[in-house]
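One file, query_21.txt, is given below (compact mmCIF, C-alpha atoms).
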```
# COMPACT_ATOMS: atom_id res chain seq x y z
CA MET A 1 46.43 9.52 -12.59
CA PRO A 2 44.21 12.20 -10.98
CA THR A 3 43.63 12.13 -7.23
CA LEU A 4 40.06 11.37 -6.14
CA THR A 5 38.41 13.77 -3.74
CA PRO A 6 36.23 12.45 -0.89
CA ILE A 7 33.13 13.47 -2.89
CA ASP A 8 34.32 11.54 -5.93
CA LYS A 9 34.77 8.46 -3.75
CA LEU A 10 31.14 8.72 -2.51
CA LYS A 11 29.54 8.96 -5.97
CA PRO A 12 29.38 5.17 -6.55
CA LEU A 13 27.87 4.64 -3.09
CA THR A 14 25.29 7.37 -3.73
CA PHE A 15 24.25 5.64 -6.95
CA ILE A 16 23.85 2.29 -5.17
CA PHE A 17 21.83 3.91 -2.35
CA LEU A 18 19.45 5.62 -4.78
CA SER A 19 19.01 2.39 -6.72
CA LEU A 20 18.03 0.55 -3.54
CA LEU A 21 15.52 3.25 -2.62
CA SER A 22 13.77 2.92 -5.96
CA SER A 23 13.31 -0.84 -5.44
CA VAL A 24 10.95 -0.41 -2.45
CA ALA A 25 7.65 -2.20 -3.13
CA SER A 26 5.24 0.51 -4.22
CA ALA A 27 1.93 -0.02 -5.88
CA ASP A 28 -1.09 1.89 -7.08
CA ILE A 29 -3.60 -0.74 -8.21
CA SER A 30 -7.10 -0.03 -9.51
CA GLY A 31 -9.90 -2.23 -10.72
CA THR A 32 -12.79 -4.43 -9.70
CA ALA A 33 -12.22 -6.04 -6.31
CA LEU A 34 -12.95 -9.62 -5.40
CA ILE A 35 -13.60 -9.84 -1.66
CA VAL A 36 -11.65 -12.50 0.23
CA ASP A 37 -12.80 -11.42 3.70
CA GLY A 38 -13.47 -8.21 5.62
CA ASP A 39 -9.95 -6.86 5.26
CA THR A 40 -8.53 -8.68 2.24
CA ILE A 41 -9.33 -8.18 -1.45
CA THR A 42 -7.92 -9.18 -4.80
CA ILE A 43 -7.61 -6.85 -7.80
CA SER A 44 -6.37 -8.28 -11.11
CA GLY A 45 -4.76 -11.20 -9.30
CA ASN A 46 -3.03 -8.97 -6.74
CA LYS A 47 -3.90 -9.91 -3.15
CA ILE A 48 -4.27 -6.81 -0.95
CA HIS A 49 -4.65 -6.56 2.81
CA LEU A 50 -6.26 -3.36 4.08
CA SER A 51 -3.60 -1.49 6.01
CA GLY A 52 -3.90 -0.62 9.69
CA ILE A 53 -7.13 -2.53 10.38
CA ASP A 54 -8.28 -5.96 11.45
CA THR A 55 -11.79 -7.29 10.89
CA PRO A 56 -13.44 -10.28 12.53
CA GLU A 57 -12.77 -13.58 10.79
CA LYS A 58 -15.51 -14.77 8.40
CA ASN A 59 -16.88 -17.31 10.89
CA GLN A 60 -16.38 -15.09 13.95
CA THR A 61 -19.38 -14.10 16.03
CA CYS A 62 -20.03 -11.13 18.30
CA ARG A 63 -22.82 -10.42 20.77
CA LYS A 64 -25.30 -7.52 21.05
CA ALA A 65 -27.77 -7.42 23.95
CA GLY A 66 -27.18 -11.12 24.57
CA VAL A 67 -27.83 -12.08 20.95
CA THR A 68 -25.04 -13.61 18.87
CA TRP A 69 -24.53 -12.16 15.39
CA LYS A 70 -22.15 -13.04 12.57
CA CYS A 71 -19.90 -9.97 12.75
CA GLY A 72 -17.19 -11.54 10.53
CA TYR A 73 -19.73 -12.33 7.83
CA GLU A 74 -21.23 -8.83 8.15
CA ALA A 75 -17.82 -7.15 7.76
CA THR A 76 -17.13 -9.23 4.64
CA GLU A 77 -20.55 -8.61 3.09
CA THR A 78 -20.45 -4.88 3.90
CA LEU A 79 -17.12 -4.57 2.10
CA ARG A 80 -18.57 -6.56 -0.81
CA ASN A 81 -21.59 -4.21 -1.00
CA TRP A 82 -19.45 -1.05 -0.85
CA THR A 83 -17.20 -2.24 -3.68
CA TYR A 84 -19.72 -4.06 -5.89
CA THR A 85 -19.34 -2.94 -9.54
CA LYS A 86 -17.14 -0.03 -8.46
CA GLU A 87 -13.56 0.84 -9.22
CA VAL A 88 -11.37 0.26 -6.16
CA ARG A 89 -8.01 2.00 -5.92
CA CYS A 90 -5.37 0.70 -3.51
CA VAL A 91 -2.11 2.44 -2.69
CA GLY A 92 0.61 0.77 -0.65
CA ASP A 93 4.36 0.45 -0.30
CA THR A 94 4.75 -2.67 1.86
CA LYS A 95 4.31 -6.37 1.18
CA GLU A 96 3.74 -9.16 3.70
CA ARG A 97 6.09 -12.13 3.71
CA TYR A 98 3.84 -14.00 1.25
CA GLY A 99 3.71 -11.09 -1.20
CA THR A 100 0.35 -9.61 -0.17
CA LEU A 101 0.32 -5.84 -0.64
CA ILE A 102 -0.56 -3.81 2.47
CA ALA A 103 -2.55 -0.81 1.25
CA ASN A 104 -5.09 1.90 1.85
CA CYS A 105 -8.00 1.39 -0.52
CA PHE A 106 -10.55 3.86 -1.80
CA VAL A 107 -14.02 3.69 -3.38
CA ASP A 108 -15.97 6.73 -4.54
CA GLY A 109 -13.39 8.99 -2.87
CA TYR A 110 -13.56 7.50 0.61
CA ASN A 111 -11.02 5.36 2.42
CA ILE A 112 -12.65 1.96 2.99
CA ASN A 113 -10.10 1.04 5.69
CA ALA A 114 -11.23 4.07 7.73
CA ARG A 115 -14.90 3.49 6.99
CA LEU A 116 -14.85 -0.14 8.19
CA VAL A 117 -13.33 1.00 11.49
CA TYR A 118 -15.73 3.97 11.77
CA GLU A 119 -18.73 1.66 11.27
CA GLY A 120 -17.46 -0.67 14.00
CA LEU A 121 -16.84 -3.54 11.59
CA ALA A 122 -13.06 -3.43 12.07
CA VAL A 123 -10.64 -2.35 14.76
CA ALA A 124 -7.50 -0.28 14.44
CA TYR A 125 -4.62 -2.76 14.26
CA ARG A 126 -2.40 -0.82 16.67
CA LYS A 127 0.37 -3.42 16.45
CA TYR A 128 1.07 -2.16 12.93
CA SER A 129 -0.48 1.32 12.71
CA LYS A 130 -2.24 3.96 14.79
CA GLN A 131 -3.73 5.61 11.70
CA TYR A 132 -7.32 4.52 12.38
CA VAL A 133 -7.45 4.98 16.16
CA PRO A 134 -9.61 8.16 15.83
CA GLU A 135 -12.21 6.23 13.77
CA GLU A 136 -12.19 3.43 16.35
CA ASP A 137 -12.69 5.94 19.19
CA LYS A 138 -15.72 7.38 17.36
CA ALA A 139 -17.20 3.92 16.71
CA ARG A 140 -16.72 2.92 20.35
CA ALA A 141 -18.29 6.15 21.66
CA ALA A 142 -21.29 5.77 19.32
CA LYS A 143 -21.54 2.00 20.05
CA ARG A 144 -21.52 1.14 16.35
CA GLY A 145 -21.05 -2.39 15.06
CA MET A 146 -18.95 -4.58 17.35
CA TRP A 147 -18.76 -1.78 19.92
CA ALA A 148 -22.52 -2.16 20.55
CA GLY A 149 -21.82 -5.32 22.52
CA GLU A 150 -19.14 -7.92 23.16
CA PHE A 151 -16.48 -9.29 20.85
CA VAL A 152 -13.09 -10.94 20.87
CA ALA A 153 -10.35 -8.99 19.10
CA PRO A 154 -9.70 -10.66 15.73
CA TRP A 155 -6.02 -11.36 16.59
CA ASP A 156 -7.13 -13.14 19.78
CA TRP A 157 -9.85 -15.05 17.89
CA ARG A 158 -7.22 -16.38 15.48
CA ARG A 159 -5.32 -17.69 18.54
CA GLY A 160 -8.41 -19.60 19.71
CA LYS A 161 -9.94 -17.19 22.24
CA ARG A 162 -13.76 -17.16 22.26
CA MET A 163 -16.49 -15.23 24.06
CA LYS A 164 -17.88 -16.81 27.19
CA GLU A 165 -21.23 -18.49 26.84
CA VAL A 166 -24.26 -16.63 28.15
CA ARG A 167 -26.16 -18.66 30.74
CA ILE A 168 -29.91 -18.53 31.15
CA GLY A 169 -30.72 -20.23 34.43
CA SER A 170 -28.49 -23.31 34.59
CA ALA A 171 -28.32 -24.01 30.84
CA PRO A 172 -25.68 -22.44 28.58
CA CYS A 173 -27.00 -20.19 25.85
CA LYS A 174 -24.88 -19.99 22.71
CA GLY A 175 -26.70 -16.99 21.28
CA GLY A 176 -30.17 -16.00 20.25
CA CYS A 177 -31.52 -16.73 23.74
CA SER A 178 -33.94 -14.36 25.36
CA THR A 179 -34.13 -13.54 29.05
CA LYS A 180 -37.82 -12.64 28.63
CA ASP A 181 -40.59 -15.11 29.62
```
Can the structure from this file be put into C-alpha cells for me?
Amino acid sequence: MPTLTPIDKLKPLTFIFLSLLSSVASADISGTALIVDGDTITISGNKIHLSGIDTPEKNQTCRKAGVTWKCGYEATETLRNWTYTKEVRCVGDTKERYGTLIANCFVDGYNINARLVYEGLAVAYRKYSKQYVPEEDKARAAKRGMWAGEFVAPWDWRRGKRMKEVRIGSAPCKGGCSTKD
C-alpha cells in the first residue's frame, strides 16, 4: 500500500472546506417589489431587509419645527414610489434567523438603501454596518428628512422610547400645535 504524503491527507479536508464555502446563502433576486415597510420588501415571495439601514416604524412619528409628522409612513411611501412598476434588484449573502435575506437593493441604477439614508428617511444601522454612514452624515448636515428636527432612533422606538411631548403654556401638545397667536 502506498504511503500518503501530508498533502494527500489534506485533500479530503480541502474538498469539505470548499463545499461548505459554496453553501453560504447568496442571492441575486430581481422583480417587482411589494413594500412591507420602509426597509423591508418582498420580491417573488422572498422577504428582503435592506442591509445596513433602519427606517422609522410605519406608525412612528418625528417632529419638525414643533410639528409632528408621520416619518415612518413617509419612508414607506417614498420607497413604494421609487419602486412602483420598476424592476428591483437585490443582492445579498446573509439571512436573518427567520430566513429574511439581508441585501443591497437597486432601482434604475441607484442603491435604494443609500438613497433612503441620504434623504434622511433612514439611518445607518451602525450595529450591523458602517456602509451608509457617509450618506447619513450628508443628510444630517443638510437637515434632510428626520435630521430637520427631532426623532427617536428606530431601534429605540421598537423598545418603547418616544419623543417628549411639546408643551404650549401648561397644556401638552402632541403635535401640530403652533406657538403663534
Contacts of A:Asp37 at 9 Å or less, counting only C-alpha atoms, minus same-chain residues fewer than 3 places along, as a list in words? Thr40, Ile41, Thr55, Pro56, Glu57, Lys58, Gly72, Tyr73, Ala75, Thr76, Glu77, Leu79 and Arg80 of chain A
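What separates atom CA of A:His49 from atom CA of A:Thr85 is a distance of 19.5 Å.
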Nearby residues (only C-alpha atoms) at most 12 Å from A:Thr42, same-chain spacing under 5 positions excluded, as a PDB file with C-alpha atoms, in the frame of the given file:
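Wrote it out as result-v4.pdb, contents follow:
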```
ATOM      1  CA  ILE A  29      -3.600  -0.740  -8.210  1.00  0.00           C
ATOM      2  CA  SER A  30      -7.100  -0.030  -9.510  1.00  0.00           C
ATOM      3  CA  GLY A  31      -9.900  -2.230 -10.720  1.00  0.00           C
ATOM      4  CA  THR A  32     -12.790  -4.430  -9.700  1.00  0.00           C
ATOM      5  CA  ALA A  33     -12.220  -6.040  -6.310  1.00  0.00           C
ATOM      6  CA  LEU A  34     -12.950  -9.620  -5.400  1.00  0.00           C
ATOM      7  CA  ILE A  35     -13.600  -9.840  -1.660  1.00  0.00           C
ATOM      8  CA  VAL A  36     -11.650 -12.500   0.230  1.00  0.00           C
ATOM      9  CA  ASP A  37     -12.800 -11.420   3.700  1.00  0.00           C
ATOM     10  CA  LYS A  47      -3.900  -9.910  -3.150  1.00  0.00           C
ATOM     11  CA  ILE A  48      -4.270  -6.810  -0.950  1.00  0.00           C
ATOM     12  CA  HIS A  49      -4.650  -6.560   2.810  1.00  0.00           C
ATOM     13  CA  LEU A  50      -6.260  -3.360   4.080  1.00  0.00           C
ATOM     14  CA  ARG A  80     -18.570  -6.560  -0.810  1.00  0.00           C
ATOM     15  CA  THR A  83     -17.200  -2.240  -3.680  1.00  0.00           C
ATOM     16  CA  VAL A  88     -11.370   0.260  -6.160  1.00  0.00           C
ATOM     17  CA  ARG A  89      -8.010   2.000  -5.920  1.00  0.00           C
ATOM     18  CA  CYS A  90      -5.370   0.700  -3.510  1.00  0.00           C
ATOM     19  CA  THR A 100       0.350  -9.610  -0.170  1.00  0.00           C
ATOM     20  CA  LEU A 101       0.320  -5.840  -0.640  1.00  0.00           C
ATOM     21  CA  ILE A 102      -0.560  -3.810   2.470  1.00  0.00           C
ATOM     22  CA  ALA A 103      -2.550  -0.810   1.250  1.00  0.00           C
ATOM     23  CA  CYS A 105      -8.000   1.390  -0.520  1.00  0.00           C
TER      24      CYS A 105
END
```
Set the distance at 10 Å and use only C-alpha atoms: which residues neighbour stretch 124-126 of chain A once local chain neighbours fewer than 5 positions away are removed? I'd like the list as a list of chain:residue names. A:Ser51, A:Gly52, A:Ile53, A:Asp54, A:Thr55, A:Asn113, A:Ala114, A:Leu116, A:Val117, A:Tyr118, A:Gln131, A:Tyr132, A:Val133, A:Pro134, A:Glu135, A:Glu136, A:Asp137, A:Ala153, A:Pro154, A:Trp155
Per residue of stretch 94-129 of chain A within 6 Å of stretch 143-148 of chain A, record the nearest atom pair and its distance in Å to one decimal, counting only C-alpha atoms, with rows in chain order and ascending residue number, as CSV.
```
residue,atom,partner,partner_atom,distance
A:Glu119,CA,A:Arg144,CA,5.8
A:Gly120,CA,A:Gly145,CA,4.1
A:Leu121,CA,A:Gly145,CA,5.6
```
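Put simply, atom CA of A:Asp28 is 28.8 Å away from atom CA of A:Ala139.
Interatomic distance, atom CA of A:Asn46 to atom CA of A:Thr94: 13.2 Å.
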Using all atoms listed in the file, find all polymer residues with an atom at most 7 Å away from the point (-18.7, -14.7, 19.8); report them as number ranges by chain. A: 60-63, 68, 151-152, 162-163
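Distances to A:Glu74 were evaluated for A:Ser26, A:Arg140, A:Asp39, A:Phe106 using only C-alpha atoms, and the minimum falls at A:Asp39.
Using only C-alpha atoms, the smallest distance between any of A:Lys95, A:Lys127, A:Lys164, A:Lys138 and A:Gly66 comes from A:Lys164.
Between A:Asp108 and the candidates A:Ser44, A:Ala65, A:Trp82, A:Ala142, the tightest atom-to-atom separation, counting all atoms listed in the file, involves A:Trp82.
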